[in-house]
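See below for upload.cif, which holds mmCIF, C-alpha atoms.
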data_model
#
loop_
_atom_site.label_atom_id
_atom_site.label_comp_id
_atom_site.auth_asym_id
_atom_site.auth_seq_id
_atom_site.Cartn_x
_atom_site.Cartn_y
_atom_site.Cartn_z
CA MET A 1 41.12 -10.20 21.86
CA THR A 2 40.51 -11.75 25.21
CA GLY A 3 38.04 -9.73 27.19
CA THR A 4 34.55 -8.46 27.32
CA VAL A 5 33.13 -5.09 26.56
CA ARG A 6 30.04 -3.38 27.85
CA ARG A 7 27.41 -3.20 25.09
CA PHE A 8 24.09 -2.31 26.74
CA GLY A 9 23.31 -0.58 30.00
CA LYS A 10 20.63 -1.69 32.45
CA VAL A 11 18.04 0.75 31.14
CA THR A 12 18.48 -0.25 27.50
CA ARG A 13 18.12 -3.91 28.43
CA ALA A 14 15.09 -3.25 30.65
CA VAL A 15 13.42 -1.36 27.79
CA HIS A 16 14.22 -4.16 25.35
CA TRP A 17 12.81 -6.94 27.51
CA THR A 18 9.73 -5.02 28.62
CA VAL A 19 8.93 -4.15 25.01
CA ALA A 20 9.62 -7.76 23.99
CA LEU A 21 7.16 -9.08 26.59
CA LEU A 22 4.44 -6.57 25.67
CA MET A 23 5.00 -7.20 21.96
CA ILE A 24 4.63 -10.97 22.41
CA ILE A 25 1.43 -10.47 24.41
CA CYS A 26 0.12 -8.20 21.63
CA ILE A 27 1.00 -10.74 18.94
CA VAL A 28 -0.52 -13.73 20.74
CA THR A 29 -3.75 -11.89 21.56
CA ALA A 30 -3.86 -10.44 18.03
CA ALA A 31 -3.73 -13.98 16.63
CA ILE A 32 -6.65 -14.97 18.87
CA LEU A 33 -8.68 -11.92 17.84
CA TYR A 34 -7.92 -12.26 14.14
CA ASN A 35 -7.85 -15.96 13.35
CA ALA A 36 -11.32 -17.51 13.05
CA SER A 37 -10.42 -20.88 14.59
CA PHE A 38 -8.63 -19.35 17.58
CA ALA A 39 -11.32 -16.69 18.02
CA VAL A 40 -14.13 -19.21 18.35
CA ALA A 41 -12.17 -21.93 20.18
CA ILE A 42 -10.80 -19.56 22.82
CA GLY A 43 -13.62 -17.03 22.77
CA HIS A 44 -13.74 -14.58 25.72
CA ARG A 45 -13.34 -11.79 23.23
CA ARG A 46 -13.74 -8.99 25.73
CA LEU A 47 -10.95 -10.28 27.97
CA VAL A 48 -8.58 -11.00 25.07
CA GLU A 49 -9.35 -7.58 23.63
CA LEU A 50 -8.61 -5.82 26.93
CA VAL A 51 -5.27 -7.61 27.31
CA HIS A 52 -4.38 -6.73 23.71
CA VAL A 53 -5.42 -3.09 23.94
CA TYR A 54 -3.76 -2.34 27.26
CA SER A 55 -0.54 -4.15 26.32
CA GLY A 56 -0.57 -2.01 23.19
CA PHE A 57 -1.16 1.20 25.14
CA ALA A 58 1.69 0.21 27.50
CA LEU A 59 4.14 -0.67 24.74
CA PRO A 60 5.49 2.84 24.01
CA VAL A 61 5.82 3.65 27.74
CA PRO A 62 9.15 1.88 28.41
CA ILE A 63 10.51 3.19 25.09
CA LEU A 64 9.85 6.75 26.29
CA LEU A 65 10.74 6.18 29.95
CA GLY A 66 14.14 4.83 28.93
CA ALA A 67 15.12 8.37 27.99
CA ILE A 68 16.01 9.03 31.64
CA SER A 69 19.25 7.15 30.85
CA ALA A 70 21.99 8.92 28.92
CA ALA A 71 23.34 5.60 27.63
CA TYR A 72 19.89 4.71 26.26
CA ARG A 73 19.56 8.12 24.60
CA LEU A 74 22.94 7.58 22.97
CA ASP A 75 21.80 4.16 21.71
CA LEU A 76 18.74 5.81 20.17
CA ARG A 77 20.91 8.51 18.61
CA ARG A 78 23.17 5.87 17.07
CA LEU A 79 20.15 3.97 15.74
CA ASN A 80 18.74 7.14 14.24
CA ARG A 81 21.78 8.16 12.18
CA PHE A 82 22.64 6.62 8.81
CA THR A 83 25.86 7.36 6.94
CA ARG A 84 26.60 6.79 3.26
CA ALA A 85 28.72 3.80 4.25
CA GLU A 86 25.65 2.22 5.77
CA TRP A 87 23.62 2.45 2.61
CA ARG A 88 26.62 0.83 0.90
CA TRP A 89 26.68 -1.86 3.59
CA LEU A 90 23.00 -2.64 3.03
CA ARG A 91 23.49 -3.01 -0.72
CA SER A 92 26.76 -4.93 -0.48
CA ARG A 93 26.83 -8.71 -0.80
CA ARG A 94 29.97 -8.74 1.30
CA ARG A 95 28.50 -6.88 4.23
CA ARG A 96 29.26 -9.72 6.62
CA ASP A 97 32.98 -9.96 5.85
CA GLY A 98 33.92 -6.84 7.74
CA SER A 99 35.26 -4.89 4.77
CA ILE A 100 32.82 -2.11 5.58
CA LYS A 101 33.35 -1.33 9.26
CA VAL A 102 30.16 -1.36 11.28
CA GLY A 103 29.42 0.88 14.25
CA LYS A 104 27.57 -0.13 17.39
CA PHE A 105 24.55 -1.00 15.26
CA ASN A 106 24.60 -2.23 11.70
CA ALA A 107 22.31 -0.71 9.11
CA GLY A 108 19.91 -3.64 9.29
CA GLN A 109 19.48 -3.18 13.03
CA LYS A 110 18.91 0.53 12.46
CA LEU A 111 16.29 -0.15 9.83
CA ASN A 112 14.57 -2.66 12.11
CA ALA A 113 14.51 -0.13 14.93
CA ALA A 114 13.08 2.65 12.75
CA LEU A 115 10.48 0.46 11.09
CA SER A 116 9.45 -1.05 14.42
CA GLY A 117 9.20 2.38 16.01
CA GLY A 118 7.12 3.81 13.18
CA ALA A 119 4.90 0.76 13.06
CA ILE A 120 4.33 0.86 16.83
CA ALA A 121 3.23 4.50 16.52
CA ALA A 122 0.92 3.65 13.60
CA LEU A 123 -0.55 0.66 15.45
CA LEU A 124 -1.12 2.74 18.56
CA GLY A 125 -2.91 5.50 16.65
CA THR A 126 -5.11 3.20 14.60
CA GLY A 127 -5.77 1.05 17.67
CA ILE A 128 -7.10 4.08 19.54
CA ILE A 129 -9.40 4.89 16.60
CA MET A 130 -10.77 1.33 16.59
CA TYR A 131 -11.11 1.03 20.35
CA PHE A 132 -12.99 4.32 20.81
CA PRO A 133 -15.47 4.24 17.91
CA SER A 134 -17.23 7.41 19.06
CA LEU A 135 -14.07 9.47 18.39
CA THR A 136 -14.17 9.32 14.61
CA ARG A 137 -16.42 8.78 11.63
CA LEU A 138 -17.01 5.29 10.29
CA SER A 139 -14.83 5.66 7.18
CA TRP A 140 -11.81 6.49 9.37
CA ARG A 141 -12.47 3.42 11.49
CA THR A 142 -12.57 1.30 8.36
CA GLY A 143 -9.30 2.88 7.22
CA ALA A 144 -7.79 2.38 10.68
CA THR A 145 -8.73 -1.31 10.71
CA PHE A 146 -7.11 -1.74 7.32
CA VAL A 147 -3.93 0.08 8.34
CA HIS A 148 -3.78 -1.76 11.68
CA ASP A 149 -4.01 -5.15 9.92
CA TRP A 150 -1.22 -4.41 7.47
CA PHE A 151 1.11 -2.82 9.99
CA ALA A 152 0.50 -5.77 12.31
CA LEU A 153 1.52 -8.16 9.56
CA ALA A 154 4.65 -6.09 8.91
CA VAL A 155 5.57 -5.96 12.60
CA GLY A 156 5.06 -9.72 12.84
CA LEU A 157 7.56 -10.21 10.04
CA LEU A 158 10.03 -7.78 11.66
CA VAL A 159 9.77 -9.64 14.97
CA ILE A 160 10.26 -13.01 13.27
CA GLY A 161 13.31 -11.65 11.44
CA HIS A 162 14.69 -10.15 14.67
CA ILE A 163 14.32 -13.45 16.53
CA PHE A 164 15.81 -15.35 13.57
CA TYR A 165 18.99 -13.25 13.70
CA ALA A 166 19.13 -13.52 17.48
CA ILE A 167 18.88 -17.31 17.36
CA LYS A 168 21.86 -17.40 15.01
CA ASP A 169 24.08 -15.29 17.27
CA SER A 170 24.50 -16.35 20.89
CA GLU A 171 26.96 -13.55 21.62
CA ALA A 172 24.45 -10.93 20.48
CA ARG A 173 21.88 -12.53 22.80
CA ARG A 174 24.40 -12.49 25.63
CA GLY A 175 24.86 -8.78 25.01
CA MET A 176 21.19 -8.09 25.50
CA ARG A 177 20.94 -10.52 28.44
CA THR A 178 23.99 -9.55 30.48
CA GLY A 179 25.00 -6.25 28.94
CA ARG A 180 28.45 -7.50 27.91
CA VAL A 181 29.90 -9.15 24.80
CA SER A 182 33.30 -10.61 24.04
CA ALA A 183 35.76 -8.20 22.55
CA SER A 184 36.42 -10.66 19.71
CA TRP A 185 32.72 -10.56 18.78
CA ALA A 186 32.76 -6.76 18.94
CA TRP A 187 35.74 -6.63 16.53
CA ALA A 188 34.15 -9.16 14.16
CA GLU A 189 30.64 -7.71 14.03
CA HIS A 190 31.01 -4.05 14.98
CA ALA A 191 34.59 -3.11 14.17
CA ALA A 192 34.09 0.65 14.16
CA TRP A 193 32.41 0.46 17.56
CA ALA A 194 35.14 -1.84 18.91
CA GLU A 195 37.70 0.69 17.74
CA GLU A 196 35.77 3.41 19.49
CA VAL A 197 35.40 1.68 22.85
CA LEU A 198 38.38 -0.70 22.89
CA GLY A 199 40.86 1.10 20.69
CA SER A 200 40.74 4.19 22.81
CA GLN A 201 40.67 2.20 26.02
CA GLN A 202 43.50 -0.24 25.22
CA ASP A 203 45.83 1.53 27.55
CA LYS A 204 43.33 1.70 30.35
CA VAL A 205 42.75 -2.05 30.30
CA ARG A 206 45.84 -2.62 32.35
CA GLU A 207 44.57 -0.12 34.85
CA SER A 208 41.52 -2.44 35.20
CA GLN A 209 39.11 -0.03 33.67
CA PRO A 210 35.70 -1.27 34.92
CA ASP A 211 34.11 -1.42 31.49
CA VAL A 212 36.74 -3.74 30.00
CA GLU A 213 37.51 -6.78 32.06
CA GLN A 214 40.21 -9.31 31.22
CA GLU A 215 38.88 -12.75 30.66
CA HIS A 216 40.24 -15.95 29.14
CA LEU A 217 38.60 -17.37 26.08
CA GLN A 218 37.37 -20.88 26.55
CA MET B 219 23.80 13.78 28.19
CA GLU B 220 24.24 14.02 24.47
CA GLU B 221 27.25 16.35 24.57
CA ALA B 222 29.08 13.72 26.53
CA GLY B 223 28.58 10.99 23.94
CA PRO B 224 30.81 10.35 20.96
CA GLU B 225 30.12 12.07 17.69
CA VAL B 226 27.36 10.28 15.76
CA ASP B 227 27.62 10.85 12.02
CA GLY B 228 25.01 10.62 9.34
CA LYS B 229 21.53 11.73 8.57
CA PRO B 230 18.54 11.14 10.86
CA VAL B 231 17.10 8.44 8.64
CA GLY B 232 15.50 6.61 11.53
CA ARG B 233 13.42 9.61 12.50
CA ARG B 234 12.41 10.18 8.88
CA ALA B 235 11.37 6.55 8.53
CA ILE B 236 9.25 6.77 11.67
CA LEU B 237 7.56 9.99 10.55
CA GLY B 238 7.09 8.52 7.07
CA LEU B 239 5.33 5.45 8.47
CA ILE B 240 3.10 7.62 10.65
CA ALA B 241 2.18 9.72 7.59
CA LEU B 242 1.50 6.56 5.59
CA ALA B 243 -0.77 5.25 8.34
CA GLY B 244 -2.58 8.59 8.49
CA ALA B 245 -3.15 8.53 4.74
CA GLY B 246 -4.49 4.98 5.02
CA VAL B 247 -6.92 6.01 7.76
CA ALA B 248 -8.13 9.06 5.84
CA SER B 249 -8.57 7.13 2.61
CA GLY B 250 -11.12 5.00 4.46
CA THR B 251 -12.30 2.23 2.26
CA ALA B 252 -10.75 3.34 -1.04
CA ILE B 253 -7.41 1.55 -0.85
CA GLN B 254 -8.93 -1.41 0.90
CA ASP B 255 -11.63 -1.91 -1.70
CA GLY B 256 -9.08 -1.79 -4.51
CA LEU B 257 -6.88 -4.33 -2.80
CA ALA B 258 -9.80 -6.57 -1.89
CA ASN B 259 -11.04 -6.54 -5.48
CA PHE B 260 -7.63 -7.73 -6.52
CA LEU B 261 -6.97 -10.30 -3.79
CA ALA B 262 -10.41 -11.77 -3.07
CA PRO B 263 -10.68 -13.71 -6.36
CA LEU B 264 -7.14 -15.01 -5.83
CA GLU B 265 -8.00 -16.15 -2.31
CA LEU B 266 -10.95 -18.18 -3.61
CA ARG B 267 -8.65 -20.05 -6.02
CA ASP B 268 -5.70 -20.38 -3.66
CA PRO B 269 -5.17 -24.07 -2.86
CA THR B 270 -2.52 -23.33 -0.21
CA GLY B 271 -4.77 -21.07 1.87
CA LEU B 272 -1.82 -18.70 2.37
CA ILE B 273 -3.64 -15.70 0.94
CA ALA B 274 -6.16 -16.04 3.78
CA LEU B 275 -3.33 -15.02 6.13
CA ILE B 276 -3.02 -11.66 4.36
CA PRO B 277 -5.30 -9.04 5.87
CA VAL B 278 -7.33 -8.52 2.71
CA GLY B 279 -9.84 -6.50 4.65
CA ASP B 280 -13.24 -7.47 3.36
CA THR B 281 -13.49 -10.65 5.40
CA PHE B 282 -15.37 -11.65 8.51
CA ARG B 283 -13.79 -11.58 11.96
CA PHE B 284 -15.27 -14.14 14.31
CA TYR B 285 -16.43 -12.91 17.67
CA SER B 286 -17.30 -15.12 20.61
CA VAL B 287 -17.62 -13.66 24.08
CA THR B 288 -17.60 -16.91 26.05
CA GLY B 289 -15.50 -20.06 26.09
CA THR B 290 -16.81 -23.00 24.14
CA VAL B 291 -20.16 -22.46 22.43
CA PRO B 292 -22.23 -25.65 22.08
CA THR B 293 -22.92 -26.86 18.56
CA LYS B 294 -26.58 -27.13 17.59
CA ASN B 295 -28.09 -28.85 14.56
CA ALA B 296 -31.53 -29.36 13.03
CA GLN B 297 -32.40 -31.90 15.74
CA THR B 298 -31.22 -29.95 18.77
CA TYR B 299 -31.86 -26.33 17.78
CA ARG B 300 -34.85 -24.48 19.26
CA LEU B 301 -35.86 -20.82 19.06
CA ALA B 302 -38.02 -19.71 21.97
CA ILE B 303 -40.41 -16.76 21.69
CA ASP B 304 -41.51 -15.66 25.13
CA GLY B 305 -41.92 -12.79 27.57
CA MET B 306 -44.81 -10.38 27.07
CA VAL B 307 -46.59 -12.28 24.31
CA THR B 308 -50.03 -13.82 23.84
CA HIS B 309 -48.60 -17.00 22.29
CA THR B 310 -45.22 -18.30 23.37
CA ALA B 311 -43.52 -20.58 20.87
CA SER B 312 -40.58 -22.92 20.45
CA TYR B 313 -39.57 -23.27 16.81
CA THR B 314 -37.39 -25.97 15.34
CA LEU B 315 -35.11 -25.26 12.41
CA ALA B 316 -37.63 -27.01 10.13
CA ASP B 317 -40.44 -24.79 11.46
CA LEU B 318 -38.43 -21.70 10.57
CA GLN B 319 -37.48 -23.08 7.16
CA ALA B 320 -41.17 -23.67 6.38
CA MET B 321 -42.02 -19.99 6.90
CA PRO B 322 -41.81 -17.33 4.14
CA GLN B 323 -38.15 -16.51 3.52
CA THR B 324 -36.75 -13.05 2.89
CA ALA B 325 -33.48 -12.64 0.98
CA LEU B 326 -31.22 -9.60 1.41
CA VAL B 327 -27.89 -8.62 -0.12
CA ARG B 328 -26.37 -6.19 2.36
CA ASP B 329 -23.08 -5.26 3.96
CA PHE B 330 -22.03 -6.54 7.34
CA GLN B 331 -20.55 -3.56 9.20
CA CYS B 332 -18.66 -3.76 12.49
CA ILE B 333 -18.56 -0.63 14.64
CA THR B 334 -14.77 -0.92 14.88
CA GLY B 335 -14.56 -0.42 11.13
CA TRP B 336 -14.24 -3.73 9.31
CA HIS B 337 -16.99 -4.63 6.92
CA VAL B 338 -17.93 -7.30 4.43
CA PRO B 339 -19.70 -5.90 1.37
CA GLN B 340 -22.70 -7.44 -0.33
CA VAL B 341 -23.30 -10.48 1.82
CA HIS B 342 -26.21 -12.73 0.80
CA TRP B 343 -28.58 -13.37 3.70
CA SER B 344 -31.91 -15.12 3.94
CA GLY B 345 -34.32 -16.03 6.69
CA VAL B 346 -37.60 -15.19 8.33
CA ARG B 347 -38.55 -11.58 8.98
CA LEU B 348 -38.59 -10.99 12.70
CA SER B 349 -41.92 -9.17 12.22
CA THR B 350 -43.43 -12.47 11.00
CA LEU B 351 -42.54 -14.16 14.30
CA LEU B 352 -43.71 -11.14 16.29
CA ASP B 353 -47.08 -11.12 14.53
CA ARG B 354 -47.58 -14.80 15.36
CA ALA B 355 -46.63 -14.20 18.99
CA ALA B 356 -48.95 -11.18 19.33
CA PRO B 357 -47.08 -8.93 21.79
CA LEU B 358 -49.03 -7.77 24.82
CA ALA B 359 -49.96 -4.09 25.11
CA GLY B 360 -47.07 -3.13 27.42
CA ALA B 361 -44.34 -4.73 25.29
CA THR B 362 -42.07 -2.09 23.71
CA ALA B 363 -38.83 -3.95 23.18
CA VAL B 364 -37.35 -7.25 22.04
CA ARG B 365 -34.48 -8.96 23.83
CA PHE B 366 -32.35 -11.62 22.15
CA ARG B 367 -30.67 -14.47 23.99
CA SER B 368 -27.84 -16.60 22.64
CA PHE B 369 -27.18 -20.26 23.38
CA ASP B 370 -23.58 -19.24 24.09
CA GLY B 371 -25.13 -18.52 27.49
CA THR B 372 -23.85 -14.94 27.81
CA TYR B 373 -24.63 -12.68 24.88
CA THR B 374 -27.75 -10.56 24.83
CA GLU B 375 -29.00 -7.74 22.63
CA SER B 376 -32.15 -5.63 22.38
CA LEU B 377 -34.13 -3.65 19.84
CA THR B 378 -37.17 -1.49 20.29
CA LEU B 379 -40.32 -3.15 18.98
CA ASP B 380 -40.44 -0.63 16.12
CA GLN B 381 -36.86 -1.44 15.12
CA ALA B 382 -37.59 -5.16 15.40
CA ARG B 383 -40.46 -4.82 12.92
CA LEU B 384 -38.28 -3.27 10.18
CA ASP B 385 -38.34 -5.18 6.90
CA ASP B 386 -34.59 -5.77 6.92
CA VAL B 387 -34.41 -7.36 10.36
CA ILE B 388 -34.40 -11.13 9.89
CA VAL B 389 -33.92 -14.32 11.83
CA ALA B 390 -31.25 -15.58 9.43
CA LEU B 391 -31.07 -19.22 8.39
CA GLN B 392 -28.66 -18.75 5.48
CA MET B 393 -25.72 -16.50 4.73
CA LEU B 394 -23.00 -16.50 2.08
CA GLY B 395 -25.10 -18.85 -0.05
CA GLY B 396 -25.49 -21.73 2.42
CA PRO B 397 -26.58 -22.72 5.91
CA ILE B 398 -25.00 -20.51 8.58
CA THR B 399 -21.89 -22.21 9.92
CA HIS B 400 -21.22 -22.54 13.64
CA ASN B 401 -18.46 -19.89 13.54
CA HIS B 402 -20.85 -17.42 11.93
CA GLY B 403 -23.41 -18.03 14.69
CA GLY B 404 -25.37 -20.86 13.09
CA PRO B 405 -27.59 -22.64 12.67
CA VAL B 406 -29.67 -19.51 13.34
CA ARG B 407 -28.53 -15.94 14.01
CA MET B 408 -30.03 -12.49 13.82
CA TYR B 409 -29.24 -10.15 10.97
CA VAL B 410 -30.20 -6.54 11.73
CA ALA B 411 -29.18 -4.99 8.41
CA PRO B 412 -29.40 -1.26 9.24
CA MET B 413 -27.31 -1.61 12.39
CA TYR B 414 -23.73 -2.42 13.41
CA GLY B 415 -22.78 -6.08 13.74
CA TYR B 416 -23.06 -6.29 17.52
CA LYS B 417 -26.85 -5.92 17.12
CA SER B 418 -26.97 -9.17 15.07
CA THR B 419 -26.90 -11.77 17.85
CA LYS B 420 -25.10 -14.98 16.93
CA TRP B 421 -26.37 -18.44 18.00
CA VAL B 422 -29.75 -16.87 18.79
CA SER B 423 -31.86 -19.11 21.03
CA GLY B 424 -34.53 -16.86 22.47
CA ILE B 425 -36.52 -13.77 21.59
CA GLU B 426 -38.26 -12.18 24.54
CA LEU B 427 -40.75 -9.32 24.47
CA THR B 428 -40.03 -6.85 27.27
CA ALA B 429 -41.39 -3.59 28.64
CA ASN B 430 -38.08 -1.75 28.25
CA VAL B 431 -34.96 -1.88 26.12
CA ASP B 432 -32.41 -3.89 28.08
CA PRO B 433 -28.87 -2.84 27.06
CA GLY B 434 -26.93 -5.74 25.54
CA TYR B 435 -23.53 -7.29 26.12
CA TRP B 436 -21.38 -4.75 24.27
CA GLU B 437 -23.63 -1.87 25.31
CA HIS B 438 -22.70 -2.57 28.92
CA ARG B 439 -19.12 -2.22 27.67
CA GLY B 440 -19.49 1.13 25.96
CA TYR B 441 -21.22 0.67 22.61
CA PRO B 442 -24.33 2.77 21.89
CA VAL B 443 -27.73 1.18 22.48
CA ASP B 444 -28.83 2.84 19.25
CA GLY B 445 -26.89 0.72 16.78
CA PHE B 446 -27.90 2.37 13.51
CA ILE B 447 -25.01 2.60 11.08
CA ASN B 448 -24.16 6.22 10.51
CA PRO B 449 -24.07 7.11 7.67
CA PRO B 450 -26.42 4.39 6.38
CA GLN B 451 -24.79 2.33 3.68
CA GLY B 452 -24.64 -0.89 1.79
CA ASN B 453 -28.16 -1.17 0.42
CA GLY B 454 -27.98 -4.00 -2.06
CA ALA B 455 -28.48 -3.02 -5.67
#
With the file now loaded, output its structure as structure tokens.
Amino acid sequence: MTGTVRRFGKVTRAVHWTVALLMIICIVTAAILYNASFAVAIGHRRLVELVHVYSGFALPVPILLGAISAAYRLDLRRLNRFTRAEWRWLRSRRRRDGSIKVGKFNAGQKLNAALSGGAIAALLGTGIIMYFPSLTRLSWRTGATFVHDWFALAVGLLVIGHIFYAIKDSEARRGMRTGRVSASWAWAEHAAWAEEVLGSQQDKVRESQPDVEQEHLQ
Amino acid sequence: MEEAGPEVDGKPVGRRAILGLIALAGAGVASGTAIQDGLANFLAPLELRDPTGLIALIPVGDTFRFYSVTGTVPTKNAQTYRLAIDGMVTHTASYTLADLQAMPQTALVRDFQCITGWHVPQVHWSGVRLSTLLDRAAPLAGATAVRFRSFDGTYTESLTLDQARLDDVIVALQMLGGPITHNHGGPVRMYVAPMYGYKSTKWVSGIELTANVDPGYWEHRGYPVDGFINPPQGNGA
């Protein structure tokens, strides 16, 4: 295939990059608050804490605001739904060879999205309990600290895994940067989605359908 | 809108996973210390014997978090450390570390409890009762409160004079079985056992008798001036 296909709309990309920025701020400030050497060397606990807390409060905002876009809502709906084939894909050793056709998102991406979303909600709730100690009894605050620590560790691992896969795939990065990916990448990585958007639009390509532009491979 | 999109097959696993994680977090909050204590009992001995230090990266729970509210805090040792007693007193004083070590020492085994929730159970502390220093200084009639200064240059805290005279309020010289390290607020810090951690000033450099309770650093930022742990806990066996 020689051409590109639209993968992410402006809103989806804006949500992704805003959340990415806030998440990185949360992780860096969390490291300063948690690690003894950083905490004492950098100090200024109140300032670091404020940056951490307000970045955390802000984090769900773009995720929710994105819902003004129909394309973003559809992305969320696709991430939400798992078919039997996807459980098979997750268990299969041959999941990367294309024998099980993958939709717009593969099952790993869906899992990452769900676990990240749930963890963000858990971190937000426990963070509120810790930041406003007068709201709850002490034992809840102790429980919240414990839960916050473990979910933070889990989210850190998810983010590292996410960046690891992104580093390995420049076309996937291009998709999130520019909104478009090569059709050949779409067929290789997300065949069912390529069928959906390219298969049905094959005929329209010649009519210069705006979403599928002709382009020479390098 | 959703009707316009293509058919999306499958079960809403993502939503279930999110709700499941929220429920898990809620159960963890409600369980309070139970799960944490079990895990800490299991992991803490491993951490002590772990040559790689990797276990320290796991949020075991029952470990100290290190708070510093300024930039660099100067390091003080036995030669450079001084503790000033001043304000509304008959006898001002400036104690060296050796002076403090020569006084009667009180040992306590008590929890360290942060208001945000984390705590370290059964910490060994020892030092001079604050009441000993107050008796030597002989507060003037109008003095009703004690204000602590830190050589970090920023942190302050206060207690009423009655609170300051409690038996389990000490000017700590040792914790965790050795001299107090710099990160823990050494060489000398306060340990106000019945109250939340923010009442236990680190790097303490001055104790001033005042006419009124002067709200401290975190109290200006929302924490209660009355720092008693509620419910009281952690009395050493």
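Atom CA of Ser170 of chain A is found 19.1 Å from atom CA of Gly103 of chain A.
Proximity to chain B was assessed for A:Tyr72, A:Trp17, A:Trp187, A:Phe8 counting all atoms listed in the file; the smallest distance is recorded for A:Tyr72.
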Inset, instruction - Please write as a list in words the full residue list that the PyMOL selection byres ((chain A and resi 12) around 10) yields on this file. - result: Arg7, Phe8, Gly9, Lys10, Val11, Arg13, Ala14, Val15, His16, Trp17, Pro62, Ile63, Gly66, Ala67, Ser69, Ala70, Ala71, Tyr72, Arg73, Asp75, Leu76, Met176 and Gly179 of chain A
Inset, instruction - Can you give me, as a ChimeraX atom specification, the residues this file yields under the PyMOL selection byres ((chain A) within 8 of (chain B))? - result: /A:33-36,39-46,70,73-74,77-84,110-111,113-115,117-119,121-122,126,130-131,133,138-147,149-150,153
Legend entry - Interatomic distance (Å, one decimal) between atom CA of Arg6 of chain A and atom CA of Arg88 of chain A: 27.5 Å
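Coordinates place atom CA of Gly360 of chain B at a distance of 22.9 Å from atom CA of Lys417 of chain B.
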Legend entry - Picked residues, the PyMOL selection byres ((chain B and resi 404) around 9), expected as an MDAnalysis selection string: chainID B and resid 293:295 390:392 397:403 405:407 420:422
Output file for the selection above: C-alpha atoms, as a PDB file, in the coordinates of the input:
ATOM      1  CA  THR B 293     -22.920 -26.860  18.560  1.00  0.00           C
ATOM      2  CA  LYS B 294     -26.580 -27.130  17.590  1.00  0.00           C
ATOM      3  CA  ASN B 295     -28.090 -28.850  14.560  1.00  0.00           C
ATOM      4  CA  ALA B 390     -31.250 -15.580   9.430  1.00  0.00           C
ATOM      5  CA  LEU B 391     -31.070 -19.220   8.390  1.00  0.00           C
ATOM      6  CA  GLN B 392     -28.660 -18.750   5.480  1.00  0.00           C
ATOM      7  CA  PRO B 397     -26.580 -22.720   5.910  1.00  0.00           C
ATOM      8  CA  ILE B 398     -25.000 -20.510   8.580  1.00  0.00           C
ATOM      9  CA  THR B 399     -21.890 -22.210   9.920  1.00  0.00           C
ATOM     10  CA  HIS B 400     -21.220 -22.540  13.640  1.00  0.00           C
ATOM     11  CA  ASN B 401     -18.460 -19.890  13.540  1.00  0.00           C
ATOM     12  CA  HIS B 402     -20.850 -17.420  11.930  1.00  0.00           C
ATOM     13  CA  GLY B 403     -23.410 -18.030  14.690  1.00  0.00           C
ATOM     14  CA  PRO B 405     -27.590 -22.640  12.670  1.00  0.00           C
ATOM     15  CA  VAL B 406     -29.670 -19.510  13.340  1.00  0.00           C
ATOM     16  CA  ARG B 407     -28.530 -15.940  14.010  1.00  0.00           C
ATOM     17  CA  LYS B 420     -25.100 -14.980  16.930  1.00  0.00           C
ATOM     18  CA  TRP B 421     -26.370 -18.440  18.000  1.00  0.00           C
ATOM     19  CA  VAL B 422     -29.750 -16.870  18.790  1.00  0.00           C
TER      20      VAL B 422
END
Inset, instruction - Give as a PyMOL selection string every residue, naming chains and numbers as the document does, that has an atom within 6 Å of (24.5, -3.7, 13.8), counting only C-alpha atoms. - result: chain A and resi 104-107+109
Inset, instruction - Determine, counting all atoms listed in the file, which protein, DNA and RNA residues have an atom within 7 Å of an atom of Val389 of chain B; residues of the same chain fewer than 3 positions away are not included. Present the result as a ChimeraX atom specification. - result: /B:345-348,406-409
Could you save those same residues with C-alpha atoms as a PDB file, keeping the file's coordinate frame?
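Output file result07.pdb is given in full below:
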ATOM      1  CA  GLY B 345     -34.320 -16.030   6.690  1.00  0.00           C
ATOM      2  CA  VAL B 346     -37.600 -15.190   8.330  1.00  0.00           C
ATOM      3  CA  ARG B 347     -38.550 -11.580   8.980  1.00  0.00           C
ATOM      4  CA  LEU B 348     -38.590 -10.990  12.700  1.00  0.00           C
ATOM      5  CA  VAL B 406     -29.670 -19.510  13.340  1.00  0.00           C
ATOM      6  CA  ARG B 407     -28.530 -15.940  14.010  1.00  0.00           C
ATOM      7  CA  MET B 408     -30.030 -12.490  13.820  1.00  0.00           C
ATOM      8  CA  TYR B 409     -29.240 -10.150  10.970  1.00  0.00           C
TER       9      TYR B 409
END
Inset, instruction - Find the residue from B:Leu257, B:Leu264, B:Trp343, B:Glu426 that sits nearest to Ile388 of chain B; use only C-alpha atoms when measuring. - result: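 Ranking B:Leu257, B:Leu264, B:Trp343, B:Glu426 by distance to Ile388 of chain B, first place goes to B:Trp343.
Summary of the local environment: counting all atoms listed in the file, residues at most 6 Å from Val364 of chain B, other than itself and those fewer than 6 positions away along its chain, are Ser376, Leu377, Leu379, Glu426, Leu427 and Thr428 of chain B.
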Legend entry - Selection: 12 Å around Ile24 of chain A, all atoms listed in the file, excl. self and same-chain fewer than 2 positions, as a VMD selection string: chain A and resid 17 to 22 26 to 31 51 to 52 55 to 56 59 155 to 156 159 to 160 163
